[in-house]
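Comments concern the structure below.
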Amino acid sequence: MVKIYLVTSILFCVSSNLFAQTYNIGHTSIDFYDNARNRNITTEIYYPSDTNGNNVPISLGNFPVIVFGHGFLISWDSYGNFWNSLVPEGYILCFPTTEMGFAPNHQFFADDLSFIASKIQMENQNSNSVFYNSVLPKTGIIGHSMGGGASFLAAENNPNINTLINFAAAETNPSAISAAGNITIPSLIFSGDDDCVAPPVIHQNIMFDNLNSSCKTQINITNGGHCYFANESVLCNFGESSCNQNLNILRQEQQSITNDFLKIWLNYSLKSDQNSFTIFNDSLQSSSRITFSQNCNGTAIMGQNKEDEINIYPNPFTEILNIDVPLEFINGELVILNIFGQPLHKELVTNKNTEINLSNFESGSYFIFFKKGLNVMKSKIIKVVHY
């Protein structure tokens, strides 16, 4: 039965990829005017189309919106890796080109991101717009480096944003770390563990901890750097080389890892594909290229991508699970979560040899955690009906 389940899952994923529609890339540039601030916001927009080109008609359909904040002294056109990857999947990407000088105003930039997020939705009602009747009321705010910090400011208490995503986010003025406390939407933070420009320990890790999101995940790319989330940028590369001259990862490799997780998350958060959330969590557990932390609905999944060594048998199991509990977790808590991070079973562990009856569990994958103080150990278990 296990083999049938795996084959069925693989066939489902393959068939989904085979029949998923892909699009060409259209491009337009629009000067949006914010009356309230007397401010012009030039925005470069890439969107799904039947033919590649400037100002070509948008493809038939309704597409979610992503508003992208660039990094400090990094031009918007350094992020072609994102629009080349995401537009063919059916997303509209907007790149405000403001605050690109040596003295950017972070709050102004955040307000620009927020304004464009609202304005592009209004274009859906504008019969003269290329986006007329084509914009899905689902919007994500995304940013890199300075734009990552600004994305927190833009998403703070913003009811028009459905998900927050950023890459190597840097602290801003006003504080992105403080703004994180007022953000409750599902959020995904990417970090590079060799980032010397905005080190995770003093930037993204604290932002993640402060987030009040209903579901938040931080992905830390092994050997990842700061600038490799984008394409070539002379000034960014110069800045990073001053503190880390030799990254042990290729730009293409870091972007590939990013895209693998980003596409799945966007399918879940902006296209309401619940199956993608399952795939996302399974990928977190199985990938050897990242470490991660996650907290969904108040339940934390924290630690490395590799399973710790816990003697659990039989695994897969049918009803009874036997566990040799590590001594350091005696008198600690045992928690079993489903793939959505929801706790299904909790108990105090008092004996080294523990037996649990899970006959009421449905077949599928689960995560088992041992917690005592700050120590956490985890493993993956599989329930089958017939084994």
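Letters A, B, ... mark the chains of the structure tokens in the order given; residue numbers begin at 1 per chain; ligand numbers begin at 1, in order shown.
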
Discussion item. Residues near stretch 257-267 of chain A, anyone? I mean within 6 Å using only C-alpha atoms, not counting same-chain ones fewer than 6 positions away, as a ChimeraX atom specification.
Written reply: /A:273,276,280

Worksheet item: Among stretch 104-165 of chain A, which ones does DSSP place in strand (DSSP E), written as a list in words?
Response: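 Reading the DSSP output for stretch 104-165 of chain A, strand (DSSP E) covers Val135, Leu136, Pro137, Lys138, Thr139, Gly140, Ile141, Ile142, Gly143, His144, Thr163, Leu164 and Ile165 of chain A.
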
Select from stretch 247-301 of chain A every residue with an atom at most 10 Å from any atom of stretch 123-146 of chain A, then for each give the shortest pair of atoms and their distance in Å to one decimal, using only C-alpha atoms, rows by chain and rising number, as a tab-separated table.
residue	atom	partner	partner_atom	distance
A:Leu266	CA	A:Gly140	CA	8.5
A:Ser269	CA	A:Gly140	CA	8.4
A:Leu270	CA	A:Lys138	CA	5.6
A:Lys271	CA	A:Lys138	CA	7.9
A:Ser272	CA	A:Lys138	CA	9.5

Worksheet item: So which residues touch stretch 150-156 of chain A within 8 Å, counting only C-alpha atoms, skipping near sequence neighbours fewer than 6 positions away, as a PyMOL selection string?
Response: chain A and resi 69+106-107+109-111+113-114+141-143+164-166+172+174-177+179-180+182-183

Prev. selection, N, CA and C atoms, output as a JSON list (two decimals), in the first residue's frame:
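Wrote it out as selection.json, contents follow:
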[["chain", "number", "residue", "atom", "x", "y", "z"],
["A", 69, "GLY", "N", 9.88, 44.94, -4.00],
["A", 69, "GLY", "CA", 10.75, 46.03, -3.58],
["A", 69, "GLY", "C", 12.22, 45.71, -3.80],
["A", 106, "HIS", "N", 13.04, 54.89, 3.53],
["A", 106, "HIS", "CA", 12.43, 53.56, 3.64],
["A", 106, "HIS", "C", 10.91, 53.62, 3.76],
["A", 107, "GLN", "N", 10.42, 54.60, 4.51],
["A", 107, "GLN", "CA", 8.96, 54.70, 4.67],
["A", 107, "GLN", "C", 8.30, 55.10, 3.36],
["A", 109, "PHE", "N", 9.37, 54.39, 0.42],
["A", 109, "PHE", "CA", 9.42, 53.23, -0.45],
["A", 109, "PHE", "C", 8.35, 52.21, -0.05],
["A", 110, "ALA", "N", 8.18, 51.99, 1.25],
["A", 110, "ALA", "CA", 7.14, 51.08, 1.73],
["A", 110, "ALA", "C", 5.76, 51.58, 1.32],
["A", 111, "ASP", "N", 5.53, 52.88, 1.42],
["A", 111, "ASP", "CA", 4.25, 53.45, 1.00],
["A", 111, "ASP", "C", 4.03, 53.29, -0.50],
["A", 113, "LEU", "N", 5.17, 50.71, -2.27],
["A", 113, "LEU", "CA", 4.79, 49.31, -2.45],
["A", 113, "LEU", "C", 3.32, 49.10, -2.13],
["A", 114, "SER", "N", 2.90, 49.69, -1.01],
["A", 114, "SER", "CA", 1.50, 49.55, -0.59],
["A", 114, "SER", "C", 0.55, 50.22, -1.59],
["A", 141, "ILE", "N", 3.29, 40.99, -1.15],
["A", 141, "ILE", "CA", 4.37, 41.98, -1.09],
["A", 141, "ILE", "C", 5.67, 41.22, -0.92],
["A", 142, "ILE", "N", 6.63, 41.51, -1.81],
["A", 142, "ILE", "CA", 7.91, 40.82, -1.81],
["A", 142, "ILE", "C", 9.02, 41.86, -1.86],
["A", 143, "GLY", "N", 10.16, 41.56, -1.25],
["A", 143, "GLY", "CA", 11.28, 42.48, -1.33],
["A", 143, "GLY", "C", 12.60, 41.81, -1.04],
["A", 164, "LEU", "N", 3.29, 37.84, 2.76],
["A", 164, "LEU", "CA", 4.54, 38.61, 2.82],
["A", 164, "LEU", "C", 5.69, 37.65, 2.56],
["A", 165, "ILE", "N", 6.57, 38.04, 1.63],
["A", 165, "ILE", "CA", 7.74, 37.22, 1.30],
["A", 165, "ILE", "C", 8.93, 38.15, 1.13],
["A", 166, "ASN", "N", 10.08, 37.79, 1.68],
["A", 166, "ASN", "CA", 11.26, 38.61, 1.42],
["A", 166, "ASN", "C", 12.54, 37.77, 1.42],
["A", 172, "THR", "N", 15.25, 48.42, 8.65],
["A", 172, "THR", "CA", 15.00, 49.73, 8.04],
["A", 172, "THR", "C", 14.74, 50.77, 9.11],
["A", 174, "PRO", "N", 11.76, 53.66, 9.46],
["A", 174, "PRO", "CA", 11.42, 53.00, 10.73],
["A", 174, "PRO", "C", 11.65, 51.49, 10.69],
["A", 175, "SER", "N", 11.56, 50.88, 11.85],
["A", 175, "SER", "CA", 12.02, 49.51, 12.03],
["A", 175, "SER", "C", 11.10, 48.46, 11.42],
["A", 176, "ALA", "N", 11.67, 47.65, 10.54],
["A", 176, "ALA", "CA", 10.95, 46.49, 10.01],
["A", 176, "ALA", "C", 10.73, 45.46, 11.11],
["A", 177, "ILE", "N", 11.68, 45.36, 12.02],
["A", 177, "ILE", "CA", 11.56, 44.41, 13.13],
["A", 177, "ILE", "C", 10.35, 44.75, 13.98],
["A", 179, "ALA", "N", 7.72, 46.54, 12.96],
["A", 179, "ALA", "CA", 6.53, 46.37, 12.12],
["A", 179, "ALA", "C", 6.08, 44.93, 12.07],
["A", 180, "ALA", "N", 7.03, 43.99, 12.18],
["A", 180, "ALA", "CA", 6.70, 42.57, 12.10],
["A", 180, "ALA", "C", 5.65, 42.17, 13.13],
["A", 182, "ASN", "N", 3.05, 43.62, 13.91],
["A", 182, "ASN", "CA", 1.69, 43.97, 13.48],
["A", 182, "ASN", "C", 1.31, 43.27, 12.18],
["A", 183, "ILE", "N", 2.00, 42.20, 11.85],
["A", 183, "ILE", "CA", 1.72, 41.45, 10.62],
["A", 183, "ILE", "C", 1.18, 40.08, 11.00]]

Fill in: Expected answer as a ChimeraX atom specification: helix (DSSP H, G or I) residues in stretch 9-151 of chain A
/A:9-19,76-89,106-125,146-151

Discussion item. Can you tell me which residues surround stretch 327-338 of chain A at a distance of at most 6 Å, considering only C-alpha atoms, apart from same-chain residues fewer than 6 positions away, and format the answer as a ChimeraX atom specification?
Written reply: /A:344-350,366-372

Produce a file of the selected residues containing N, CA and C atoms, as a compact mmCIF listing (two decimals), in the first residue's frame.
# COMPACT_ATOMS: atom_id res chain seq x y z
N LEU A 344 -1.78 16.85 17.06
CA LEU A 344 -2.81 15.82 17.14
C LEU A 344 -2.69 14.98 18.40
N HIS A 345 -1.49 14.98 18.97
CA HIS A 345 -1.27 14.14 20.16
C HIS A 345 -0.17 14.77 21.01
N LYS A 346 -0.42 14.87 22.32
CA LYS A 346 0.58 15.36 23.25
C LYS A 346 0.58 14.49 24.49
N GLU A 347 1.76 14.26 25.04
CA GLU A 347 1.84 13.55 26.31
C GLU A 347 3.18 13.82 26.98
N LEU A 348 3.20 13.68 28.29
CA LEU A 348 4.42 13.80 29.07
C LEU A 348 5.18 12.49 28.99
N VAL A 349 6.46 12.56 28.69
CA VAL A 349 7.29 11.36 28.57
C VAL A 349 7.98 11.09 29.90
N THR A 350 7.67 9.95 30.50
CA THR A 350 8.26 9.61 31.81
C THR A 350 9.14 8.38 31.77
N TYR A 366 3.44 12.10 9.36
CA TYR A 366 3.32 12.94 10.55
C TYR A 366 4.72 13.27 11.05
N PHE A 367 4.80 14.30 11.89
CA PHE A 367 6.06 14.69 12.50
C PHE A 367 5.95 14.49 14.01
N ILE A 368 6.97 13.87 14.59
CA ILE A 368 6.98 13.64 16.02
C ILE A 368 8.11 14.44 16.64
N PHE A 369 7.80 15.16 17.70
CA PHE A 369 8.76 16.05 18.36
C PHE A 369 8.90 15.69 19.83
N PHE A 370 10.14 15.81 20.32
CA PHE A 370 10.41 15.72 21.74
C PHE A 370 10.93 17.08 22.18
N LYS A 371 10.32 17.66 23.21
CA LYS A 371 10.69 19.00 23.66
C LYS A 371 10.91 18.99 25.16
N LYS A 372 12.03 19.55 25.55
CA LYS A 372 12.31 19.74 26.97
C LYS A 372 13.17 20.99 27.09
